[in-house]
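Source file: start.pdb (PDB, C-alpha atoms, pLDDT in the B column)
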ATOM      1  CA  GLY H 577     136.621  87.853  97.904  1.00 75.00           C
ATOM      2  CA  ILE H 578     133.755  90.240  98.557  1.00 82.00           C
ATOM      3  CA  GLU H 579     133.619  91.369  94.926  1.00 84.00           C
ATOM      4  CA  PHE H 580     133.093  87.807  93.717  1.00 84.00           C
ATOM      5  CA  TYR H 581     130.360  87.279  96.321  1.00 85.00           C
ATOM      6  CA  ILE H 582     128.592  90.443  95.135  1.00 87.00           C
ATOM      7  CA  PHE H 583     128.900  89.264  91.540  1.00 88.00           C
ATOM      8  CA  LEU H 584     127.338  85.880  92.364  1.00 91.00           C
ATOM      9  CA  GLN H 585     124.456  87.442  94.292  1.00 91.00           C
ATOM     10  CA  VAL H 586     123.659  89.977  91.586  1.00 93.00           C
ATOM     11  CA  ARG H 587     123.940  87.328  88.888  1.00 94.00           C
ATOM     12  CA  LYS H 588     121.523  85.026  90.744  1.00 96.00           C
ATOM     13  CA  HIS H 589     118.858  87.711  91.115  1.00 96.00           C
ATOM     14  CA  VAL H 590     119.302  89.000  87.551  1.00 96.00           C
ATOM     15  CA  LEU H 591     118.800  85.454  86.247  1.00 97.00           C
ATOM     16  CA  SER H 592     115.596  85.175  88.297  1.00 97.00           C
ATOM     17  CA  ILE H 593     114.334  88.456  86.828  1.00 97.00           C
ATOM     18  CA  THR H 594     115.273  87.328  83.321  1.00 96.00           C
ATOM     19  CA  ASN H 595     113.391  84.051  83.810  1.00 96.00           C
ATOM     20  CA  ILE H 596     110.270  85.914  84.948  1.00 96.00           C
ATOM     21  CA  LEU H 597     110.426  88.214  81.922  1.00 95.00           C
ATOM     22  CA  ASP H 598     110.928  85.237  79.590  1.00 95.00           C
ATOM     23  CA  ILE H 599     107.830  83.540  81.028  1.00 93.00           C
ATOM     24  CA  PHE H 600     105.956  86.814  80.524  1.00 92.00           C
ATOM     25  CA  LYS H 601     106.962  86.966  76.864  1.00 91.00           C
ATOM     26  CA  ARG H 602     105.773  83.409  76.207  1.00 93.00           C
ATOM     27  CA  SER H 603     102.479  83.791  78.047  1.00 95.00           C
ATOM     28  CA  THR H 604      98.996  84.047  76.620  1.00 95.00           C
ATOM     29  CA  LEU H 605      95.719  84.831  78.344  1.00 95.00           C
ATOM     30  CA  ILE H 606      93.709  82.431  76.239  1.00 92.00           C
ATOM     31  CA  ASN H 607      94.478  79.212  74.446  1.00 88.00           C
ATOM     32  CA  GLN H 608      92.186  77.001  72.454  1.00 80.00           C
ATOM     33  CA  ASN H 609      93.298  74.021  74.530  1.00 82.00           C
ATOM     34  CA  ASP H 610      91.749  75.696  77.587  1.00 80.00           C
ATOM     35  CA  PHE H 611      88.304  74.889  76.225  1.00 75.00           C
ATOM     36  CA  VAL H 612      86.620  71.555  75.611  1.00 65.00           C
ATOM     37  CA  SER H 613      84.657  71.493  72.379  1.00 59.00           C
ATOM     38  CA  ASP H 614      81.083  70.236  72.448  1.00 57.00           C
ATOM     39  CA  GLU H 615      78.820  69.573  69.505  1.00 53.00           C
ATOM     40  CA  TYR H 616      76.765  72.586  70.534  1.00 56.00           C
ATOM     41  CA  VAL H 617      78.284  75.674  72.107  1.00 62.00           C
ATOM     42  CA  ASN H 618      76.352  78.166  74.159  1.00 70.00           C
ATOM     43  CA  MET H 619      77.900  81.533  73.347  1.00 74.00           C
ATOM     44  CA  ASP H 620      76.916  83.006  76.705  1.00 78.00           C
ATOM     45  CA  LYS H 621      78.585  80.106  78.514  1.00 80.00           C
ATOM     46  CA  LEU H 622      81.676  80.302  76.311  1.00 82.00           C
ATOM     47  CA  SER H 623      82.158  84.029  76.996  1.00 86.00           C
ATOM     48  CA  LYS H 624      81.922  83.406  80.754  1.00 88.00           C
ATOM     49  CA  GLN H 625      84.472  80.608  80.467  1.00 89.00           C
ATOM     50  CA  ILE H 626      86.776  82.943  78.556  1.00 91.00           C
ATOM     51  CA  GLU H 627      86.428  85.611  81.257  1.00 93.00           C
ATOM     52  CA  CYS H 628      87.258  83.073  83.979  1.00 93.00           C
ATOM     53  CA  VAL H 629      90.315  81.714  82.141  1.00 94.00           C
ATOM     54  CA  VAL H 630      91.626  85.213  81.353  1.00 95.00           C
ATOM     55  CA  GLU H 631      91.162  86.378  84.951  1.00 95.00           C
ATOM     56  CA  ASN H 632      93.087  83.399  86.350  1.00 95.00           C
ATOM     57  CA  LYS H 633      95.973  83.925  83.943  1.00 95.00           C
ATOM     58  CA  VAL H 634      96.100  87.664  84.582  1.00 96.00           C
ATOM     59  CA  GLU H 635      96.323  86.983  88.311  1.00 96.00           C
ATOM     60  CA  SER H 636      99.218  84.603  87.688  1.00 95.00           C
ATOM     61  CA  LEU H 637     101.024  87.234  85.593  1.00 96.00           C
ATOM     62  CA  LEU H 638     100.390  89.864  88.257  1.00 96.00           C
ATOM     63  CA  GLN H 639     102.038  87.661  90.868  1.00 96.00           C
ATOM     64  CA  SER H 640     105.062  87.292  88.600  1.00 95.00           C
ATOM     65  CA  TYR H 641     105.177  91.034  87.959  1.00 96.00           C
ATOM     66  CA  ARG H 642     104.968  91.851  91.667  1.00 96.00           C
ATOM     67  CA  SER H 643     107.841  89.457  92.371  1.00 96.00           C
ATOM     68  CA  LEU H 644     110.196  91.666  90.326  1.00 97.00           C
ATOM     69  CA  ARG H 645     110.460  94.435  92.928  1.00 96.00           C
ATOM     70  CA  PRO H 646     111.652  92.164  95.804  1.00 95.00           C
ATOM     71  CA  LEU H 647     114.349  90.769  93.510  1.00 96.00           C
ATOM     72  CA  LEU H 648     115.444  94.277  92.546  1.00 96.00           C
ATOM     73  CA  LEU H 649     115.582  95.249  96.213  1.00 94.00           C
ATOM     74  CA  LYS H 650     117.847  92.268  96.855  1.00 93.00           C
ATOM     75  CA  ILE H 651     120.181  93.488  94.116  1.00 93.00           C
ATOM     76  CA  GLU H 652     120.060  96.974  95.616  1.00 92.00           C
ATOM     77  CA  SER H 653     120.962  95.615  99.060  1.00 90.00           C
ATOM     78  CA  VAL H 654     124.103  94.087  97.565  1.00 89.00           C
ATOM     79  CA  VAL H 655     125.334  96.914  95.334  1.00 86.00           C
ATOM     80  CA  SER H 656     124.238  99.963  97.330  1.00 80.00           C
ATOM     81  CA  GLU H 657     125.447 101.060 100.729  1.00 70.00           C
ATOM     82  CA  ALA H 658     122.287 103.053 101.330  1.00 67.00           C
ATOM     83  CA  SER H 659     119.083 101.545 102.709  1.00 73.00           C
ATOM     84  CA  CYS H 660     116.873  99.708 100.217  1.00 83.00           C
ATOM     85  CA  THR H 661     114.327 102.179  98.896  1.00 88.00           C
ATOM     86  CA  GLY H 662     113.788 100.916  95.364  1.00 91.00           C
ATOM     87  CA  ALA H 663     115.293 104.145  94.087  1.00 91.00           C
ATOM     88  CA  SER H 664     119.003 103.413  93.898  1.00 90.00           C
ATOM     89  CA  SER H 665     120.821 105.712  91.480  1.00 89.00           C
ATOM     90  CA  GLU H 666     123.158 102.823  90.626  1.00 88.00           C
ATOM     91  CA  LEU H 667     120.201 100.762  89.400  1.00 92.00           C
ATOM     92  CA  SER H 668     118.057 103.450  87.742  1.00 92.00           C
ATOM     93  CA  SER H 669     118.993 102.308  84.232  1.00 94.00           C
ATOM     94  CA  TYR H 670     118.284  98.690  85.160  1.00 95.00           C
ATOM     95  CA  TYR H 671     114.859  99.621  86.557  1.00 95.00           C
ATOM     96  CA  PHE H 672     114.141 101.234  83.193  1.00 95.00           C
ATOM     97  CA  HIS H 673     115.445  98.159  81.347  1.00 95.00           C
ATOM     98  CA  VAL H 674     113.063  95.916  83.306  1.00 96.00           C
ATOM     99  CA  GLN H 675     110.108  98.227  82.640  1.00 95.00           C
ATOM    100  CA  ILE H 676     110.811  98.254  78.904  1.00 95.00           C
ATOM    101  CA  ASN H 677     110.881  94.460  78.924  1.00 96.00           C
ATOM    102  CA  VAL H 678     107.594  94.314  80.842  1.00 96.00           C
ATOM    103  CA  TYR H 679     106.028  96.706  78.321  1.00 95.00           C
ATOM    104  CA  ASN H 680     107.229  94.596  75.383  1.00 94.00           C
ATOM    105  CA  ALA H 681     106.092  91.381  77.067  1.00 95.00           C
ATOM    106  CA  LEU H 682     102.616  92.765  77.872  1.00 95.00           C
ATOM    107  CA  SER H 683     102.272  93.973  74.292  1.00 94.00           C
ATOM    108  CA  GLU H 684     103.124  90.481  73.033  1.00 94.00           C
ATOM    109  CA  VAL H 685     100.707  88.903  75.516  1.00 96.00           C
ATOM    110  CA  VAL H 686      97.840  91.119  74.310  1.00 95.00           C
ATOM    111  CA  VAL H 687      98.566  90.521  70.620  1.00 94.00           C
ATOM    112  CA  ARG H 688      98.983  86.768  71.068  1.00 94.00           C
ATOM    113  CA  SER H 689      95.845  86.515  73.206  1.00 95.00           C
ATOM    114  CA  LEU H 690      93.732  88.457  70.705  1.00 93.00           C
ATOM    115  CA  ALA H 691      94.922  86.176  67.906  1.00 92.00           C
ATOM    116  CA  ASN H 692      94.080  83.110  69.996  1.00 92.00           C
ATOM    117  CA  LEU H 693      90.663  84.534  70.878  1.00 91.00           C
ATOM    118  CA  ARG H 694      89.918  85.114  67.204  1.00 88.00           C
ATOM    119  CA  GLN H 695      91.037  81.586  66.359  1.00 86.00           C
ATOM    120  CA  LEU H 696      88.914  80.139  69.161  1.00 84.00           C
ATOM    121  CA  LEU H 697      85.763  81.999  68.129  1.00 80.00           C
ATOM    122  CA  PHE H 698      86.165  81.193  64.442  1.00 75.00           C
ATOM    123  CA  SER H 699      86.858  77.515  65.131  1.00 70.00           C
ATOM    124  CA  GLN H 700      83.711  77.332  67.232  1.00 62.00           C
ATOM    125  CA  VAL H 701      81.809  79.132  64.497  1.00 54.00           C
ATOM    126  CA  ASN H 702      82.983  77.118  61.507  1.00 50.00           C
ATOM    127  CA  HIS H 703      82.693  73.632  62.972  1.00 49.00           C
ATOM    128  CA  GLN H 704      79.791  73.768  65.402  1.00 50.00           C
ATOM    129  CA  ARG H 705      76.343  75.165  65.918  1.00 49.00           C
ATOM    130  CA  ILE H 706      76.319  78.042  68.364  1.00 51.00           C
ATOM    131  CA  TYR H 707      73.501  78.849  70.732  1.00 50.00           C
ATOM    132  CA  SER H 708      73.016  82.306  72.198  1.00 49.00           C
ATOM    133  CA  LYS H 709      70.179  83.004  74.624  1.00 47.00           C
ATOM    134  CA  GLY H 710      68.350  79.872  73.475  1.00 48.00           C
ATOM    135  CA  VAL H 711      68.418  80.773  69.782  1.00 48.00           C
ATOM    136  CA  GLU H 712      70.255  78.438  67.410  1.00 47.00           C
ATOM    137  CA  SER H 713      72.664  80.180  65.053  1.00 48.00           C
ATOM    138  CA  TYR H 714      74.150  78.384  62.042  1.00 45.00           C
ATOM    139  CA  ASN H 715      77.357  79.300  60.264  1.00 44.00           C
ATOM    140  CA  ASP H 716      75.655  81.556  57.731  1.00 42.00           C
ATOM    141  CA  GLN H 717      73.767  83.340  60.512  1.00 46.00           C
ATOM    142  CA  LEU H 718      76.617  83.720  62.962  1.00 47.00           C
ATOM    143  CA  ILE H 719      76.941  87.488  62.950  1.00 50.00           C
ATOM    144  CA  ASN H 720      74.229  88.861  65.174  1.00 58.00           C
ATOM    145  CA  ASP H 721      74.091  91.500  67.891  1.00 63.00           C
ATOM    146  CA  ALA H 722      74.416  89.022  70.763  1.00 64.00           C
ATOM    147  CA  HIS H 723      77.548  87.371  69.339  1.00 71.00           C
ATOM    148  CA  ILE H 724      79.131  90.693  68.444  1.00 76.00           C
ATOM    149  CA  ALA H 725      78.528  92.091  71.942  1.00 80.00           C
ATOM    150  CA  GLN H 726      80.036  89.037  73.616  1.00 82.00           C
ATOM    151  CA  ALA H 727      83.023  89.002  71.258  1.00 84.00           C
ATOM    152  CA  HIS H 728      83.625  92.698  71.981  1.00 88.00           C
ATOM    153  CA  ARG H 729      83.412  92.081  75.706  1.00 89.00           C
ATOM    154  CA  CYS H 730      86.004  89.308  75.528  1.00 91.00           C
ATOM    155  CA  THR H 731      88.223  91.466  73.313  1.00 92.00           C
ATOM    156  CA  ARG H 732      88.040  94.402  75.725  1.00 93.00           C
ATOM    157  CA  LEU H 733      88.854  92.077  78.598  1.00 93.00           C
ATOM    158  CA  ILE H 734      92.149  91.229  76.895  1.00 95.00           C
ATOM    159  CA  THR H 735      93.051  94.697  75.629  1.00 93.00           C
ATOM    160  CA  CYS H 736      92.397  96.220  79.070  1.00 93.00           C
ATOM    161  CA  THR H 737      94.668  93.722  80.851  1.00 94.00           C
ATOM    162  CA  PRO H 738      97.612  96.202  80.998  1.00 94.00           C
ATOM    163  CA  LYS H 739      95.433  98.434  83.220  1.00 92.00           C
ATOM    164  CA  ARG H 740      96.085  95.926  86.006  1.00 93.00           C
ATOM    165  CA  PHE H 741      99.854  96.427  85.827  1.00 95.00           C
ATOM    166  CA  ILE H 742     101.013  99.582  87.596  1.00 93.00           C
ATOM    167  CA  ARG H 743     104.141 101.211  86.239  1.00 94.00           C
ATOM    168  CA  TRP H 744     107.072 102.390  88.324  1.00 94.00           C
ATOM    169  CA  MET H 745     108.205 105.933  88.906  1.00 93.00           C
ATOM    170  CA  ASN H 746     111.170 107.009  86.802  1.00 90.00           C
ATOM    171  CA  GLY H 747     114.464 105.799  88.224  1.00 90.00           C
ATOM    172  CA  THR H 748     112.758 103.498  90.730  1.00 94.00           C
ATOM    173  CA  CYS H 749     110.909 100.225  91.089  1.00 94.00           C
ATOM    174  CA  SER H 750     108.177 101.857  93.177  1.00 93.00           C
ATOM    175  CA  GLU H 751     104.618 102.066  91.883  1.00 90.00           C
ATOM    176  CA  ALA H 752     103.601 105.378  90.348  1.00 88.00           C
ATOM    177  CA  ALA H 753     100.375 107.089  91.327  1.00 75.00           C
ATOM    178  CA  ILE H 754      98.773 110.223  89.912  1.00 69.00           C
ATOM    179  CA  LYS H 755      99.093 113.096  92.347  1.00 63.00           C
ATOM    180  CA  LEU H 756      95.763 114.796  93.032  1.00 53.00           C
ATOM    181  CA  ASP H 757      94.610 117.673  95.158  1.00 52.00           C
ATOM    182  CA  GLU H 758      92.762 116.798  98.352  1.00 50.00           C
ATOM    183  CA  ASP H 759      89.440 117.872  96.802  1.00 48.00           C
ATOM    184  CA  ASP H 760      89.992 115.543  93.843  1.00 48.00           C
ATOM    185  CA  ILE H 761      90.661 112.543  96.094  1.00 45.00           C
ATOM    186  CA  LEU H 762      87.275 112.802  97.805  1.00 47.00           C
ATOM    187  CA  GLY H 763      85.062 109.904  96.785  1.00 52.00           C
ATOM    188  CA  LEU H 764      87.948 107.785  95.503  1.00 51.00           C
ATOM    189  CA  SER H 765      88.703 104.499  97.258  1.00 54.00           C
ATOM    190  CA  GLN H 766      92.348 104.937  96.233  1.00 57.00           C
ATOM    191  CA  PRO H 767      94.346 107.389  94.075  1.00 56.00           C
ATOM    192  CA  PRO H 768      94.401 106.452  90.368  1.00 65.00           C
ATOM    193  CA  SER H 769      97.611 104.820  89.199  1.00 76.00           C
ATOM    194  CA  ILE H 770      99.698 105.018  86.053  1.00 88.00           C
ATOM    195  CA  THR H 771      99.571 101.702  84.223  1.00 92.00           C
ATOM    196  CA  TYR H 772     101.084 100.141  81.123  1.00 93.00           C
ATOM    197  CA  TYR H 773      97.753 100.511  79.336  1.00 91.00           C
ATOM    198  CA  GLU H 774      98.326 104.174  78.512  1.00 87.00           C
ATOM    199  CA  ALA H 775     101.529 103.369  76.615  1.00 88.00           C
ATOM    200  CA  ILE H 776     100.265 100.203  74.932  1.00 88.00           C
ATOM    201  CA  ALA H 777      97.001 101.891  73.898  1.00 86.00           C
ATOM    202  CA  ARG H 778      98.975 104.325  71.755  1.00 83.00           C
ATOM    203  CA  ASN H 779      99.843 101.432  69.459  1.00 77.00           C
ATOM    204  CA  LYS H 780      96.929 101.324  67.031  1.00 71.00           C
ATOM    205  CA  TYR H 781      97.920  97.809  65.987  1.00 66.00           C
ATOM    206  CA  ILE H 782      97.302  96.469  69.485  1.00 64.00           C
ATOM    207  CA  VAL H 783      94.349  98.323  71.029  1.00 58.00           C
TER     208      VAL H 783
END

As structure tokens, what does this structure read like?
Amino acid sequence: GIEFYIFLQVRKHVLSITNILDIFKRSTLINQNDFVSDEYVNMDKLSKQIECVVENKVESLLQSYRSLRPLLLKIESVVSEASCTGASSELSSYYFHVQINVYNALSEVVVRSLANLRQLLFSQVNHQRIYSKGVESYNDQLINDAHIAQAHRCTRLITCTPKRFIRWMNGTCSEAAIKLDEDDILGLSQPPSITYYEAIARNKYIV
């Protein structure tokens, strides 16, 4: 009957959402296998490679994140008689459930990526000579301003990743934006959005 059809449709879309969230939880922005080790490593080149790898993986995660809303709208079209707005009262708790899972997954991604970055940098340090701006740096001379600046830049790149993921308004799966007066909007290319970074940044163990 119709009830069984609705059940099958909802179940299919919920499984798709669950799979996306599971992939999120297992993801990392940087992995040591992404980089080929040479006898000599140019720190400037390595940091640029890290930035490129992180950017590509963030874009992939963003595509997955953006695919959640269409799936939720499909569920809404099945369970709600009203038009699909992304603000169904029947699904408000499920929208919240998905957002909590995205928050947890992004937190895990940041923590895992920072650990992998640390492992990558220390493995390069302990087993190879590192060059930075044409100056050779041995293991006992690793810590210098150039290396520290590049390490900080790569770290910030990872910790700021949640700024790319815009949260939803309460009870919806629609992106939230900060409401500003007309005078405040002048000079802005687009209104500032509310992202997951604000919540994750409160965790002193992550950011």

Problem set entry | Which residue of H:Leu733, H:Leu696, H:Val686, H:Met745 approaches Ile776 in chain H most closely, using all atoms listed in the file | H:Val686

Exercise. Care to translate the PyMOL selection byres ((chain H and resi 744) around 10) into actual residues of this file, as a list of chain:residue names?
Worked result: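 Taken over the shown coordinates, the PyMOL selection byres ((chain H and resi 744) around 10) returns H:Arg645, H:Gly662, H:Tyr671, H:Phe672, H:Gln675, H:Phe741, H:Ile742, H:Arg743, H:Met745, H:Asn746, H:Gly747, H:Thr748, H:Cys749, H:Ser750, H:Glu751, H:Ala752, H:Ala753, H:Ser769, H:Ile770, H:Thr771, H:Tyr772.
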
Exercise. What do you get, as a PyMOL selection string, if you spell out every residue that the PyMOL selection byres ((chain H and resi 607) around 8) selects here?
Worked result: chain H and resi 604-606+608-611+689+692-693+696

Exercise. At what distance in Å, to one decimal, does CA of Tyr773 in chain H lie from CA of Lys739 in chain H?
Worked result: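 The value is 5.0 Å.
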
Problem set entry | Expected residue set, 9 Å radius at (92.5, 94.0, 74.2), all atoms listed in the file, as a PyMOL selection string | chain H and resi 686-687+689-690+730-738+782-783

Exercise. Which one of H:Ile724, H:Arg729, H:Ala663, H:Tyr641 sits closest to Leu597 in chain H if you count all atoms listed in the file?
Worked result: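 Of all the options, H:Tyr641 lies closest to Leu597 in chain H.
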
Listing only residues of range 614-694 of chain H within 8 Å of range 599-603 of chain H, what is the closest atom pair and its distance in Å (to one decimal) for each, using all atoms listed in the file, sorted by chain and residue number ascending, as a Markdown table?
| residue | atom | partner | partner_atom | distance |
| --- | --- | --- | --- | --- |
| H:Leu637 | CA | H:Phe600 | CA | 7.1 |
| H:Val678 | CA | H:Phe600 | CA | 7.7 |
| H:Asn680 | CA | H:Lys601 | CA | 7.8 |
| H:Ala681 | CA | H:Lys601 | CA | 4.5 |
| H:Leu682 | CA | H:Lys601 | CA | 7.3 |
| H:Glu684 | CA | H:Lys601 | CA | 6.5 |
| H:Val685 | CA | H:Ser603 | CA | 6.0 |
